[in-house]
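Asker: As input, take model_6.tsv (TSV, C-alpha atoms):
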```tsv
chain	number	residue	atom	x	y	z
A	234	MET	CA	79.21	133.48	107.77
A	235	SER	CA	78.01	130.04	106.69
A	236	VAL	CA	78.26	128.48	103.23
A	237	LEU	CA	75.42	126.00	102.67
A	238	GLN	CA	75.88	123.36	99.95
A	239	PHE	CA	73.46	120.57	98.99
A	240	LEU	CA	74.63	119.44	95.59
A	241	THR	CA	74.37	115.79	94.52
A	242	THR	CA	71.29	114.38	92.78
A	243	VAL	CA	70.37	111.16	94.58
A	244	HIS	CA	68.08	108.38	93.30
A	245	PHE	CA	67.06	106.70	96.56
A	246	GLY	CA	64.91	103.66	97.27
A	247	HIS	CA	64.54	99.93	97.03
A	248	GLY	CA	65.26	98.76	93.48
A	249	MET	CA	66.72	102.09	92.32
A	250	ARG	CA	69.73	100.29	90.78
A	251	SER	CA	67.45	99.93	87.75
A	252	VAL	CA	68.05	103.58	86.77
A	253	LEU	CA	71.76	103.08	86.04
A	254	PRO	CA	71.37	102.64	82.23
A	255	LYS	CA	69.26	105.79	81.93
A	256	LEU	CA	71.65	107.87	84.01
A	257	LEU	CA	74.59	106.72	81.89
A	258	ALA	CA	72.68	107.55	78.72
A	259	ASP	CA	71.65	110.96	80.08
A	260	SER	CA	75.33	111.63	80.84
A	261	ARG	CA	76.36	110.45	77.35
A	262	VAL	CA	78.52	107.70	78.81
A	263	SER	CA	78.84	104.64	76.58
A	264	ARG	CA	82.02	103.07	77.96
A	265	PRO	CA	82.29	103.55	81.73
A	266	LEU	CA	85.10	102.34	83.92
A	267	PHE	CA	83.58	100.40	86.80
A	268	VAL	CA	85.42	100.83	90.10
A	269	THR	CA	84.76	98.32	92.88
A	270	ASP	CA	86.63	95.83	95.03
A	271	LYS	CA	87.18	92.09	94.90
A	272	GLY	CA	85.03	91.42	97.98
A	273	VAL	CA	82.00	93.13	96.42
A	274	ILE	CA	82.50	91.02	93.29
A	275	ARG	CA	82.92	87.75	95.22
A	276	ALA	CA	79.77	88.44	97.21
A	277	GLY	CA	77.76	88.89	94.00
A	278	VAL	CA	76.80	92.43	95.00
A	279	PHE	CA	78.50	94.05	92.02
A	280	ALA	CA	76.56	91.88	89.58
A	281	HIS	CA	73.36	92.73	91.48
A	282	ALA	CA	74.13	96.45	91.31
A	283	VAL	CA	74.69	96.50	87.53
A	284	GLU	CA	72.13	93.86	86.53
A	285	ALA	CA	69.99	96.40	84.66
A	286	MET	CA	72.83	97.37	82.34
A	287	PRO	CA	73.24	95.16	79.27
A	288	GLY	CA	76.86	94.18	78.63
A	289	ALA	CA	78.14	95.42	81.98
A	290	GLU	CA	80.30	92.31	82.32
A	291	THR	CA	82.28	93.33	79.23
A	292	MET	CA	83.05	96.86	80.41
A	293	PRO	CA	86.48	97.86	81.82
A	294	LEU	CA	86.74	97.05	85.52
A	295	PHE	CA	89.13	98.24	88.22
A	296	ASP	CA	88.79	96.15	91.39
A	297	ASP	CA	92.15	96.72	93.14
A	298	THR	CA	90.64	98.97	95.81
A	299	PRO	CA	92.65	98.97	99.07
A	300	ILE	CA	90.91	99.08	102.47
A	301	ASN	CA	91.96	102.75	102.58
A	302	PRO	CA	92.13	104.10	99.00
A	303	THR	CA	95.55	105.31	97.92
A	304	GLU	CA	97.06	107.75	95.47
A	305	ALA	CA	98.85	104.82	93.81
A	306	ALA	CA	95.56	102.96	93.27
A	307	ALA	CA	94.00	106.12	91.82
A	308	ALA	CA	96.89	106.49	89.38
A	309	ALA	CA	96.54	102.85	88.31
A	310	GLY	CA	92.80	103.26	87.80
A	311	ALA	CA	93.27	106.44	85.79
A	312	ALA	CA	95.81	104.66	83.58
A	313	LEU	CA	93.25	101.92	82.90
A	314	TYR	CA	90.59	104.56	82.18
A	315	ARG	CA	92.77	106.13	79.51
A	316	ALA	CA	93.99	102.81	78.07
A	317	GLU	CA	90.41	101.60	77.64
A	318	ALA	CA	89.19	104.90	76.17
A	319	CYS	CA	86.52	105.25	78.84
A	320	ASP	CA	84.18	108.22	78.99
A	321	GLY	CA	82.82	108.00	82.54
A	322	VAL	CA	83.33	106.38	85.94
A	323	VAL	CA	80.88	104.24	87.91
A	324	GLY	CA	81.81	103.44	91.51
A	325	VAL	CA	80.11	100.46	93.15
A	326	GLY	CA	81.00	99.47	96.70
A	327	GLY	CA	81.76	100.85	100.14
A	328	GLY	CA	83.36	104.18	100.89
A	329	ALA	CA	86.82	103.07	99.79
A	330	ALA	CA	85.64	102.18	96.28
A	331	LEU	CA	83.54	105.33	95.95
A	332	ASP	CA	86.32	107.64	97.13
A	333	LEU	CA	88.72	105.86	94.80
A	334	ALA	CA	86.29	106.28	91.89
A	335	LYS	CA	86.30	110.03	92.51
A	336	ALA	CA	90.09	110.16	92.65
A	337	ILE	CA	90.37	108.11	89.45
A	338	ALA	CA	88.05	110.55	87.69
A	339	VAL	CA	90.27	113.44	88.79
A	340	LEU	CA	93.52	111.84	87.58
A	341	ALA	CA	91.90	110.61	84.36
A	342	THR	CA	91.61	114.20	83.19
A	343	HIS	CA	94.08	116.16	85.35
A	344	PRO	CA	97.86	115.82	85.60
A	345	PRO	CA	99.36	114.04	88.62
A	346	PRO	CA	100.28	114.03	91.43
A	347	LEU	CA	96.93	113.75	93.17
A	348	TRP	CA	98.40	115.59	96.16
A	349	ASN	CA	98.21	118.80	94.11
A	350	TYR	CA	94.40	118.65	94.52
A	351	SER	CA	94.37	117.80	98.25
A	352	ASN	CA	92.68	120.05	100.78
A	353	ARG	CA	95.90	119.78	102.81
A	354	HIS	CA	97.97	121.28	99.96
A	355	ALA	CA	98.97	124.89	100.52
A	356	ASN	CA	97.61	125.89	97.09
A	357	PRO	CA	95.41	123.10	95.70
A	358	LEU	CA	94.81	123.12	91.97
A	359	PRO	CA	91.23	123.37	90.63
A	360	ILE	CA	89.31	120.33	89.40
A	361	ASP	CA	87.42	121.58	86.39
A	362	ARG	CA	87.08	118.94	83.66
A	363	ALA	CA	86.36	115.55	85.21
A	364	PRO	CA	84.23	112.96	83.36
A	365	PRO	CA	80.74	112.00	84.53
A	366	VAL	CA	80.82	110.07	87.82
A	367	LEU	CA	77.99	107.86	89.09
A	368	LEU	CA	78.25	106.30	92.55
A	369	THR	CA	76.33	103.36	94.02
A	370	PRO	CA	77.03	102.54	97.69
A	371	THR	CA	76.79	98.93	98.86
A	372	THR	CA	77.27	99.78	102.54
A	373	ALA	CA	75.60	102.30	104.82
A	374	GLY	CA	78.65	103.99	106.24
A	375	THR	CA	80.71	106.74	104.67
A	376	GLY	CA	78.07	108.46	102.58
A	377	SER	CA	80.82	109.09	100.04
A	378	GLU	CA	78.23	109.28	97.28
A	379	VAL	CA	77.24	112.73	98.57
A	380	GLY	CA	80.43	113.67	100.42
A	381	ARG	CA	82.29	116.77	99.26
A	382	SER	CA	85.71	115.07	99.12
A	383	ALA	CA	87.49	111.87	98.21
A	384	VAL	CA	89.48	110.74	101.23
A	385	ILE	CA	92.80	109.26	100.08
A	386	VAL	CA	96.07	108.03	101.58
A	387	PHE	CA	98.57	110.05	99.55
A	388	ASP	CA	102.04	108.91	98.51
A	389	ASN	CA	103.48	111.10	101.28
A	390	GLY	CA	101.63	109.03	103.90
A	391	ILE	CA	99.01	111.66	104.77
A	392	LYS	CA	95.34	110.65	104.74
A	393	ALA	CA	93.28	113.63	103.66
A	394	GLY	CA	90.63	114.77	101.22
A	395	VAL	CA	90.55	115.81	97.59
A	396	ARG	CA	87.87	118.47	97.71
A	397	CYS	CA	85.48	117.88	94.80
A	398	PRO	CA	81.96	118.98	95.87
A	399	ASP	CA	80.53	119.10	92.35
A	400	LEU	CA	82.30	116.06	90.88
A	401	VAL	CA	79.55	113.45	91.27
A	402	THR	CA	76.95	113.50	88.51
A	403	ALA	CA	74.43	111.38	90.41
A	404	ALA	CA	74.19	108.80	93.17
A	405	ILE	CA	72.10	105.64	93.22
A	406	CYS	CA	71.22	104.56	96.76
A	407	ASP	CA	69.48	101.17	96.75
A	408	PRO	CA	69.16	99.69	100.26
A	409	GLU	CA	68.64	96.22	98.75
A	410	LEU	CA	72.35	96.17	97.89
A	411	THR	CA	73.11	96.06	101.63
A	412	PHE	CA	70.85	93.10	102.49
A	413	GLY	CA	73.73	90.62	102.29
A	414	LEU	CA	76.27	92.61	104.31
A	415	PRO	CA	77.78	90.49	107.12
A	416	PRO	CA	76.87	91.62	110.66
A	417	SER	CA	80.44	92.78	111.37
A	418	ILE	CA	80.52	95.05	108.31
A	419	THR	CA	77.01	96.31	109.01
A	420	ALA	CA	78.15	97.19	112.53
A	421	SER	CA	81.41	98.95	111.65
A	422	THR	CA	80.01	100.88	108.70
A	423	GLY	CA	76.90	101.76	110.68
A	424	MET	CA	78.98	103.24	113.49
A	425	ASP	CA	80.92	105.15	110.86
A	426	ALA	CA	77.66	106.73	109.68
A	427	LEU	CA	76.58	107.43	113.26
A	428	SER	CA	79.89	109.10	114.05
A	429	HIS	CA	79.38	111.38	111.05
A	430	CYS	CA	75.94	112.45	112.26
A	431	ILE	CA	77.15	113.04	115.82
A	432	GLU	CA	80.41	114.81	114.96
A	433	THR	CA	78.85	117.14	112.41
A	434	TYR	CA	76.04	117.98	114.83
A	435	CYS	CA	78.58	118.73	117.57
A	436	SER	CA	80.65	120.99	115.30
A	437	PRO	CA	80.35	124.65	116.37
A	438	VAL	CA	79.91	125.80	112.75
A	439	ILE	CA	76.50	127.45	112.30
A	440	ASN	CA	74.40	125.55	109.76
A	441	PRO	CA	70.86	124.83	111.01
A	442	PRO	CA	69.78	122.87	107.87
A	443	ALA	CA	72.77	120.55	108.28
A	444	ASP	CA	72.01	120.19	112.01
A	445	ALA	CA	68.45	119.12	111.20
A	446	ILE	CA	69.73	116.61	108.65
A	447	SER	CA	72.32	115.14	111.02
A	448	LEU	CA	69.72	114.84	113.80
A	449	ASP	CA	67.36	112.94	111.52
A	450	GLY	CA	70.21	110.66	110.44
A	451	MET	CA	71.20	110.12	114.07
A	452	GLN	CA	67.67	109.11	115.04
A	453	ARG	CA	67.34	106.70	112.11
A	454	ILE	CA	70.63	104.98	112.86
A	455	PHE	CA	70.04	104.70	116.59
A	456	ALA	CA	66.65	103.09	115.85
A	457	SER	CA	67.85	100.74	113.11
A	458	LEU	CA	71.49	99.74	113.57
A	459	GLU	CA	71.00	96.81	115.93
A	460	ARG	CA	68.11	95.50	113.81
A	461	ALA	CA	70.21	95.73	110.66
A	462	VAL	CA	73.06	93.83	112.37
A	463	THR	CA	70.85	91.00	113.59
A	464	HIS	CA	68.30	90.91	110.74
A	465	GLY	CA	70.14	91.85	107.58
A	466	THR	CA	67.11	91.65	105.28
A	467	ASP	CA	64.95	93.99	107.38
A	468	ALA	CA	64.01	96.34	104.56
A	469	GLN	CA	63.02	99.30	106.75
A	470	ALA	CA	66.17	99.04	108.88
A	471	ARG	CA	68.36	98.92	105.78
A	472	PHE	CA	66.47	101.88	104.28
A	473	ASP	CA	66.97	103.95	107.42
A	474	MET	CA	70.65	102.97	107.72
A	475	MET	CA	71.38	104.05	104.14
A	476	MET	CA	69.42	107.28	104.59
A	477	GLY	CA	71.24	108.01	107.85
A	478	SER	CA	74.57	107.38	106.16
A	479	LEU	CA	73.69	109.79	103.36
A	480	GLU	CA	72.51	112.41	105.86
A	481	GLY	CA	75.71	112.21	107.88
A	482	ALA	CA	77.76	112.88	104.76
A	483	ILE	CA	75.55	115.74	103.61
A	484	SER	CA	76.36	117.34	106.96
A	485	PHE	CA	80.14	117.11	106.38
A	486	GLN	CA	79.97	120.75	105.33
A	487	LYS	CA	79.90	121.65	109.05
A	488	GLY	CA	83.25	119.97	109.56
A	489	MET	CA	84.09	117.01	111.78
A	490	GLY	CA	86.06	116.80	115.03
A	491	ALA	CA	88.58	114.88	117.07
A	492	VAL	CA	87.23	111.44	116.09
A	493	HIS	CA	88.21	112.05	112.48
A	494	ALA	CA	91.32	114.05	113.32
A	495	LEU	CA	92.59	110.84	114.95
A	496	ALA	CA	90.99	108.32	112.61
A	497	HIS	CA	92.66	109.82	109.53
A	498	PRO	CA	96.28	109.33	110.65
A	499	LEU	CA	95.41	105.96	112.19
A	500	GLY	CA	93.69	104.95	108.95
A	501	ALA	CA	96.79	105.88	107.00
A	502	ARG	CA	98.42	103.02	108.94
A	503	GLY	CA	95.94	100.54	107.46
A	504	PHE	CA	93.10	100.36	109.99
A	505	HIS	CA	89.41	100.31	109.03
A	506	HIS	CA	87.89	103.77	109.24
A	507	GLY	CA	84.49	102.81	110.62
A	508	THR	CA	85.98	100.62	113.34
A	509	LEU	CA	88.33	103.42	114.37
A	510	ASN	CA	85.42	105.85	114.59
A	511	ALA	CA	83.42	103.41	116.70
A	512	VAL	CA	86.27	102.95	119.20
A	513	LEU	CA	87.13	106.64	119.40
A	514	LEU	CA	83.64	108.17	119.48
A	515	PRO	CA	82.75	107.49	123.15
A	516	HIS	CA	86.10	108.91	124.32
A	517	VAL	CA	85.87	112.03	122.17
A	518	LEU	CA	82.27	112.68	123.18
A	519	SER	CA	83.27	112.48	126.84
A	520	VAL	CA	86.18	114.91	126.32
A	521	ASN	CA	83.87	117.37	124.54
A	522	ARG	CA	81.10	117.08	127.15
A	523	GLU	CA	81.43	120.55	128.73
A	524	TRP	CA	81.56	122.26	125.34
A	525	LEU	CA	78.38	120.69	123.94
A	526	GLY	CA	75.79	122.46	126.10
A	527	ALA	CA	72.26	121.33	125.25
A	528	LYS	CA	73.56	119.15	122.39
A	529	TRP	CA	74.58	116.51	124.95
A	530	ASP	CA	70.94	115.98	125.98
A	531	THR	CA	69.74	116.25	122.39
A	532	ILE	CA	71.97	113.33	121.41
A	533	ARG	CA	70.56	111.35	124.32
A	534	SER	CA	67.02	112.20	123.21
A	535	GLN	CA	67.66	111.22	119.57
A	536	ALA	CA	68.91	107.84	120.76
A	537	GLY	CA	65.88	107.28	122.99
A	538	TRP	CA	68.02	106.81	126.09
A	539	ALA	CA	66.64	107.45	129.56
A	540	GLU	CA	66.86	110.83	131.25
A	541	GLY	CA	70.32	111.24	132.78
A	542	ALA	CA	71.94	108.57	130.61
A	543	ASP	CA	75.56	109.26	129.62
A	544	PRO	CA	75.81	109.19	125.80
A	545	ALA	CA	79.51	108.31	125.89
A	546	ARG	CA	78.89	105.25	128.06
A	547	GLU	CA	75.82	104.30	126.05
A	548	LEU	CA	77.80	104.41	122.81
A	549	ALA	CA	80.47	102.15	124.30
A	550	ALA	CA	77.71	99.73	125.32
A	551	LEU	CA	76.23	99.88	121.82
A	552	ASN	CA	79.63	98.96	120.36
A	553	ALA	CA	79.74	95.94	122.65
A	554	ARG	CA	76.23	94.79	121.74
A	555	ILE	CA	76.97	94.83	118.01
A	556	GLY	CA	80.29	93.06	118.41
A	557	LEU	CA	82.78	95.86	117.82
A	558	PRO	CA	86.13	96.09	119.64
A	559	ALA	CA	86.40	98.36	122.66
A	560	ARG	CA	90.06	99.37	122.43
A	561	LEU	CA	92.57	100.47	119.82
A	562	ARG	CA	94.88	97.70	120.98
A	563	ASP	CA	92.17	95.18	120.02
A	564	ILE	CA	92.56	96.04	116.34
A	565	GLY	CA	96.36	96.08	116.34
A	566	VAL	CA	97.25	99.72	116.86
A	567	VAL	CA	100.82	99.95	118.15
A	568	GLU	CA	101.19	101.86	121.40
A	569	ALA	CA	104.49	103.37	120.26
A	570	ASP	CA	102.61	105.15	117.44
A	571	LEU	CA	100.26	107.07	119.71
A	572	ALA	CA	102.49	110.09	120.29
A	573	VAL	CA	103.15	110.49	116.56
A	574	VAL	CA	99.44	110.13	115.73
A	575	ALA	CA	98.62	112.83	118.30
A	576	GLY	CA	100.92	115.24	116.49
A	577	GLU	CA	99.41	114.35	113.13
A	578	ALA	CA	95.88	114.90	114.47
A	579	VAL	CA	96.60	118.57	115.15
A	580	ALA	CA	97.46	119.03	111.48
A	581	ASP	CA	94.26	117.32	110.25
A	582	ASN	CA	91.48	119.57	108.97
A	583	ALA	CA	88.90	117.84	111.20
A	584	HIS	CA	90.78	119.16	114.23
A	585	LYS	CA	89.70	122.71	113.37
A	586	THR	CA	85.99	122.12	114.06
A	587	ASN	CA	86.13	120.05	117.22
A	588	PRO	CA	83.84	121.72	119.82
A	589	ARG	CA	86.58	121.87	122.45
A	590	PRO	CA	89.92	123.34	121.36
A	591	LEU	CA	92.53	120.59	121.72
A	592	VAL	CA	96.31	120.53	121.65
A	593	GLU	CA	98.68	117.68	120.88
A	594	GLN	CA	98.84	116.52	124.51
A	595	ASP	CA	95.03	116.34	124.63
A	596	TYR	CA	95.05	114.03	121.62
A	597	PHE	CA	97.73	111.89	123.22
A	598	GLU	CA	95.63	111.54	126.38
A	599	LEU	CA	92.60	110.67	124.25
A	600	LEU	CA	94.55	107.96	122.45
A	601	LYS	CA	95.85	106.53	125.71
A	602	ALA	CA	92.30	106.38	127.09
A	603	ALA	CA	91.10	104.59	123.95
A	604	TYR	CA	94.08	102.26	123.83
```
Show me the file's structure as structure tokens.
Answerer:
Amino acid sequence: MSVLQFLTTVHFGHGMRSVLPKLLADSRVSRPLFVTDKGVIRAGVFAHAVEAMPGAETMPLFDDTPINPTEAAAAAGAALYRAEACDGVVGVGGGAALDLAKAIAVLATHPPPLWNYSNRHANPLPIDRAPPVLLTPTTAGTGSEVGRSAVIVFDNGIKAGVRCPDLVTAAICDPELTFGLPPSITASTGMDALSHCIETYCSPVINPPADAISLDGMQRIFASLERAVTHGTDAQARFDMMMGSLEGAISFQKGMGAVHALAHPLGARGFHHGTLNAVLLPHVLSVNREWLGAKWDTIRSQAGWAEGADPARELAALNARIGLPARLRDIGVVEADLAVVAGEAVADNAHKTNPRPLVEQDYFELLKAAY
């Protein structure tokens, strides 16, 4: 049996940031808490995103977003929400800020700890009275604006999701907000989006609509990523990258795989999620090769690679062309942690939908190959 869910209303297109005031008014939000990060503010992207909203600069602002959003940051944001008598949450930024905005909305109206609402909790509590939440991505990576969870590093050290598929009131996806992204961020977030499209497509869960969506996202990203890295103001490339990012996240409902089963515990140690996915993806794809059947050639076809090309090797070459590291050691992962991370990967929910059944030793071998 498959459960198909396509929930979030998305306002997509160049210049769509202009609809923010209307969406807030439609949601009866007069005093939102803006959630972003200091880098987005310094770059001027936050001001660009909210320029249509009169008085936005006077509204409460939470900008202490960590590189991997935490339960502690969510609690601090929720405290500010209540202290400022806010009546809605607007997330502006990359996946970390958007996931944190979701978590803040949960804790603003539900008792802590946030772990009680985690999809790793044995009996997660329901989320049933959150305030309106509007999300505006400024990267093309996580697709958090339409993702069914908020991925958080909890106080217990576990990185996992707070399942909240109907939390987001609306998303505003304006590719113009990504025009100024540095090449390195475009590359790492773009590979994050590509890993989502590939892993969800490879999942054995039966969901043909999600497969079609992930395939379209895959094709868009393969065609546009290198252009977006080298020509940041290429409007069509940025449009396709943001659409591909959204499509990868819509397809999360199929489940992920070993890339994310490993990236979650590694991310809990402070490493950038998209970069981890980029490094791990070629190795995981190679390990899954015999379990993918015709999907292996379909991935090759979506990328436009020649007949007989090896997608795993081609992805590693793509990483190199866009300036991403090749090895986990290159980003500071400690070799002594690999065995522990392998054990944690087996407990991650993404492990359940990897095409090839893996055990802890398999994950350890994967990590050693990627190290």
Asker: For segment 486-496 of chain A, list every protein, DNA or RNA residue within 7 Å, evaluated using only C-alpha atoms, and leave out those in the same chain fewer than 4 positions away; present the list as a list of chain:residue names.
Answerer: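 The residues that qualify are A:Glu432, A:Thr433, A:Ser436, A:Val438, A:Asn440, A:Gly500, A:His506, A:Leu509, A:Asn510, A:Leu513, A:Leu514, A:Val517, A:Val574, A:Ala578, A:Asp581, A:Ala583, A:His584, A:Thr586, A:Asn587.
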Asker: In Å, with one decimal, what is the gap from atom CA of Arg460 of chain A to atom CA of Ser421 of chain A?
Answerer: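 It comes out at 13.9 Å.
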Asker: Around (88.7, 102.0, 84.4), as given in the file, which residues come within 6 Å? Count only C-alpha atoms and list them as a list in words.
Answerer: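 Residues with an atom at most 6 Å from (88.7, 102.0, 84.4): Leu266, Phe267, Pro293, Leu294, Phe295, Gly310, Leu313 and Tyr314 of chain A.
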Asker: Choose the residue, out of A:Arg250, A:Ser428, A:Ala404, A:Thr303, that has the smallest atom-to-atom separation from Pro346 of chain A; count all atoms listed in the file.
Answerer: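 Checking each candidate against Pro346 of chain A, we get A:Thr303 as the closest.
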Asker: Using all atoms listed in the file, find the one residue out of A:Ala572, A:Ala580, A:Ala527, A:Ala308 that sits nearest to Gln594 of chain A.
Answerer: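 Closest to Gln594 of chain A of all the choices is A:Ala572.
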Asker: Write out as an mmCIF file with C-alpha atoms, keeping the file's coordinate frame which residues come within 9 Å of Lys528 of chain A when counting all atoms listed in the file, dropping same-chain ones fewer than 5 positions away.
Answerer:
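What follows is the written file around35.cif:
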```cif
data_model
loop_
_atom_site.group_PDB
_atom_site.id
_atom_site.type_symbol
_atom_site.label_atom_id
_atom_site.label_comp_id
_atom_site.auth_asym_id
_atom_site.auth_seq_id
_atom_site.Cartn_x
_atom_site.Cartn_y
_atom_site.Cartn_z
ATOM 1 C CA TYR A 434 76.040 117.980 114.830
ATOM 2 C CA CYS A 435 78.580 118.730 117.570
ATOM 3 C CA ARG A 533 70.560 111.350 124.320
#
```
Asker: Leaving out Glu598 of chain A and any residue of its chain fewer than 4 positions from it, which residues lie within 10 Å of it when counting only C-alpha atoms, given as a VMD selection string?
Answerer: chain A and resid 571 to 572 575 593 to 594 602 to 604
Asker: Between atom CA of Phe387 of chain A and atom CA of Gly576 of chain A, what distance in Å does the model show, to one decimal?
Answerer: 17.9 Å
Asker: Separation of atom CA of Pro299 of chain A and atom CA of Asp270 of chain A, in Å?
Answerer: 7.9 Å
Asker: Between A:Trp529, A:Phe412, A:Phe472, A:Trp538, single out the one closest to Phe455 of chain A, counting all atoms listed in the file.
Answerer: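 Of all the options, A:Trp538 lies closest to Phe455 of chain A.
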Asker: Counting all atoms listed in the file, which residue out of A:Gly327, A:Gly526, A:Pro365, A:Pro437 sits closest to Pro302 of chain A?
Answerer: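 Among A:Gly327, A:Gly526, A:Pro365, A:Pro437, it is A:Gly327 that comes nearest to Pro302 of chain A.
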